[in-house]
Amino acid sequence: MSLNGKTLFITGASRGIGLAIALRAARDGANIAVAAKTDAPHPKLEGTIHTAAKQIEKAGGRALPLVVDVRDEAMVQSAIEKTAAAFGGIDIVVNNASAVSRTPVAETDMKRYDLMQQINTRGTFMVSKYAIPYLEKAQNPHILMNSPPLDMKEKWFAGTTGYSIAKFGMSLVVLGLAGELRAKGIAVNALWPRATIATAAIKNLLGGERVMRMSRKPEIMADAAHAIFLKDAKTFTGHFLIDDTFLAGEGVADFEKYRAAPGEPLAGTFFVPDDSPPPPGVSISGKRWE
């Protein structure tokens with residue numbers, strides 16, 4: 001089983017988790033629409049849609065780099081249409097693009113608040129909306145959100161209310177769309193990491209070099225996404241998955257290979273429910289679960 005010949009439309013695919021998912025699919029021979037804003041090199045962020053496209057093609061896939069701001073309705077519509085025209089359809093949509101600002105309400109700039117809602121929740125809603133007509137024609141179509149389980153606890157909101165609303169908003173789209181599209185055979189699921197993932201967001205906004213060393217590589221999310229896309233879309237839908245728990249259920253036993261820095265303790269990420277322990281033997285933030 002593989003994604004050979006499948007077409008993926010991935011937002012935020014120029015770097016990080018989005019690029020890792022693209023490269024894993026490319027190894028199967030998939031077609032990837034690299035939908036992201038970075039057209040020219042950024043002073044603080046590695047990668048553009050063009051460098052990502054080159055990596056995808058080197059890995060064995062076909063790439064279509066597209067400048068897409070998921071806040072712009074016309075731009076989203078056009079990018080989806082171009083993808084379908086270039087590759088003959090769309091099989092998989094990955095809503096990965098996100099904006100992050102973990103600040104208390106009193107300290108949250110309203111422009112930043114609006115940005116998070118527009119990119120995370122509204123962008124996810126809109127990309128999914130315009131992709132549906134193409135997914136309806138696909139075999140085994142999937143929509144996947146990089147968003148957390150709907151664990152509505154005060155601790156996930158206090159201190160980060162604006163960001164939490166935006167990320168849980170993505171998951172609410174999963175909840176609604178899974179019900180709306182089940183009869184059409186389109187799977188809609190969410191995937192979230194247990195440990196922090198070594199990406200630019202962690203390095204620049206959420207912890208710096210120390211937390212980068214305590215993180216896992218983006219490949220764990222890519223492998224989990226790949227396994228999800230191979231599932232029967234008619235039956236595997238409406239799930240809120242944690243990366244290592246899901247992979248363990250798929251037979252993966254070695255999680256050491258995903259460590260960014262072997263020997264370092266793993267930093268747990270936010271939004272992981274208390275009743276969702278990691279696979280046996282995995283230690284998060286010094287706590288070992290058995």
# chains A, B, ... in the order shown; residues from 1 in each chain; ligands from 1
>>> residues_around(residues="Met145 of chain A", least_positions_apart="3", cutoff="10 Å", atoms="only C-alpha atoms", output="MDAnalysis selection string")
chainID A and resid 93:97 120 124 128 148 167 170:171 173:174 188:192 225 240
>>> select_by_dssp(residues="segment 15-208 of chain A", states="helix (DSSP H, G or I)", output="PyMOL selection string")
chain A and resi 16-26+49-59+73-87+105-107+110-135+154-157+161-184+200-204+208
>>> closest_residue(among="A:Arg24, A:Lys111, A:His142, A:Arg194", to="Ala59 of chain A", atoms="only C-alpha atoms")
A:Arg24
>>> residues_around(residues="Ala198 of chain A", least_positions_apart="3", cutoff="7 Å", atoms="only C-alpha atoms", output="mmCIF file with all heavy atoms, in the first residue's frame")
data_model
loop_
_atom_site.group_PDB
_atom_site.id
_atom_site.type_symbol
_atom_site.label_atom_id
_atom_site.label_comp_id
_atom_site.auth_asym_id
_atom_site.auth_seq_id
_atom_site.Cartn_x
_atom_site.Cartn_y
_atom_site.Cartn_z
ATOM 1 N N ILE A 202 8.939 26.122 17.503
ATOM 2 C CA ILE A 202 9.532 25.794 18.800
ATOM 3 C C ILE A 202 10.811 26.594 19.015
ATOM 4 O O ILE A 202 11.033 27.183 20.078
ATOM 5 C CB ILE A 202 9.831 24.285 18.894
ATOM 6 C CG1 ILE A 202 8.520 23.484 18.941
ATOM 7 C CG2 ILE A 202 10.691 23.970 20.113
ATOM 8 C CD1 ILE A 202 7.670 23.739 20.165
ATOM 9 N N MET A 212 14.190 22.582 21.613
ATOM 10 C CA MET A 212 14.453 21.896 20.341
ATOM 11 C C MET A 212 15.143 20.557 20.600
ATOM 12 O O MET A 212 14.803 19.537 19.991
ATOM 13 C CB MET A 212 15.327 22.766 19.438
ATOM 14 C CG MET A 212 14.603 23.929 18.781
ATOM 15 S SD MET A 212 13.519 23.423 17.416
ATOM 16 C CE MET A 212 14.726 23.161 16.113
ATOM 17 N N SER A 215 12.860 17.749 21.835
ATOM 18 C CA SER A 215 11.732 17.500 20.934
ATOM 19 C C SER A 215 11.936 16.244 20.096
ATOM 20 O O SER A 215 13.004 15.644 20.095
ATOM 21 C CB SER A 215 11.536 18.710 20.006
ATOM 22 O OG SER A 215 11.257 19.878 20.741
ATOM 23 N N ARG A 216 10.889 15.886 19.389
ATOM 24 C CA ARG A 216 10.975 14.827 18.389
ATOM 25 C C ARG A 216 11.073 15.452 16.995
ATOM 26 O O ARG A 216 10.676 16.594 16.785
ATOM 27 C CB ARG A 216 9.740 13.915 18.454
ATOM 28 C CG ARG A 216 9.784 12.893 19.586
ATOM 29 C CD ARG A 216 8.457 12.185 19.719
ATOM 30 N NE ARG A 216 8.563 10.985 20.558
ATOM 31 C CZ ARG A 216 7.516 10.380 21.120
ATOM 32 N NH1 ARG A 216 6.288 10.869 20.937
ATOM 33 N NH2 ARG A 216 7.684 9.296 21.858
ATOM 34 N N LYS A 217 11.570 14.683 16.060
ATOM 35 C CA LYS A 217 11.672 15.133 14.676
ATOM 36 C C LYS A 217 10.277 15.172 14.043
ATOM 37 O O LYS A 217 9.395 14.391 14.415
ATOM 38 C CB LYS A 217 12.562 14.189 13.877
ATOM 39 C CG LYS A 217 13.975 14.040 14.397
ATOM 40 C CD LYS A 217 14.716 12.959 13.626
ATOM 41 C CE LYS A 217 16.090 12.694 14.209
ATOM 42 N NZ LYS A 217 16.771 11.575 13.500
ATOM 43 N N PRO A 218 10.067 16.032 13.060
ATOM 44 C CA PRO A 218 8.773 16.087 12.378
ATOM 45 C C PRO A 218 8.383 14.771 11.708
ATOM 46 O O PRO A 218 7.207 14.549 11.420
ATOM 47 C CB PRO A 218 8.978 17.188 11.328
ATOM 48 C CG PRO A 218 10.086 18.029 11.851
ATOM 49 C CD PRO A 218 10.994 17.084 12.581
ATOM 50 N N ALA A 260 15.009 14.252 18.474
ATOM 51 C CA ALA A 260 15.868 15.258 17.843
ATOM 52 C C ALA A 260 17.289 15.169 18.381
ATOM 53 O O ALA A 260 18.254 15.367 17.646
ATOM 54 C CB ALA A 260 15.297 16.658 18.070
#
>>> residues_around(residues="Ile186 of chain A", least_positions_apart="4", cutoff="7 Å", atoms="only C-alpha atoms", output="PyMOL selection string")
chain A and resi 141-142+181-182+233-234
>>> residues_around(residues="Asp254 of chain A", least_positions_apart="2", cutoff="12 Å", atoms="only C-alpha atoms", output="number ranges by chain")
A: 220, 244, 247-248, 250-252, 256-259, 279-282
>>> residues_around(residues="Val67 of chain A", least_positions_apart="4", cutoff="7 Å", atoms="only C-alpha atoms", output="ChimeraX atom specification")
/A:35-37,39
>>> write_last_selection(atoms="all heavy atoms", output="compact mmCIF listing (two decimals), in the first residue's frame")
# COMPACT_ATOMS: atom_id res chain seq x y z
N ALA A 35 1.45 24.50 -0.63
CA ALA A 35 0.65 25.71 -0.47
C ALA A 35 1.12 26.47 0.77
O ALA A 35 0.82 26.10 1.90
CB ALA A 35 -0.83 25.36 -0.33
N ALA A 36 1.89 27.53 0.55
CA ALA A 36 2.43 28.30 1.67
C ALA A 36 2.72 29.73 1.21
O ALA A 36 2.71 30.03 0.02
CB ALA A 36 3.70 27.64 2.20
N LYS A 37 3.01 30.61 2.17
CA LYS A 37 3.23 32.02 1.85
C LYS A 37 4.66 32.34 1.44
O LYS A 37 4.90 33.34 0.76
CB LYS A 37 2.88 32.89 3.06
CG LYS A 37 1.40 32.97 3.37
CD LYS A 37 1.10 34.12 4.32
CE LYS A 37 1.85 33.99 5.61
NZ LYS A 37 1.59 35.13 6.52
N ASP A 39 7.54 32.67 -0.51
CA ASP A 39 7.97 32.59 -1.90
C ASP A 39 9.46 32.92 -2.04
O ASP A 39 10.16 32.38 -2.89
CB ASP A 39 7.14 33.56 -2.75
CG ASP A 39 7.47 33.48 -4.23
OD1 ASP A 39 7.64 32.36 -4.74
OD2 ASP A 39 7.57 34.54 -4.87
>>> residues_around(residues="Ala131 of chain A", least_positions_apart="5", cutoff="12 Å", atoms="only C-alpha atoms", output="JSON, numbers by chain")
{"A": [7, 8, 9, 10, 76, 77, 78, 79, 80, 81, 82, 83, 84, 89, 90, 91, 92, 93, 94, 95, 124, 125, 126, 136, 137, 138, 141, 142, 143, 186]}
>>> select_by_dssp(residues="segment 117-216 of chain A", states="strand (DSSP E or B)", output="list in words")
His142, Ile143, Leu144, Met145, Asn146, Ala187, Val188, Asn189, Ala190, Leu191, Trp192, Ala195, Ile197 and Arg216 of chain A
>>> atom_distance(atom1="atom CA of Ser283 of chain A", atom2="atom CA of Leu241 of chain A")
18.6 Å
>>> atom_distance(atom1="atom CA of Gly123 of chain A", atom2="atom CA of Asp151 of chain A")
21.7 Å
>>> atom_distance(atom1="atom CA of Ala52 of chain A", atom2="atom CA of Pro65 of chain A")
8.0 Å
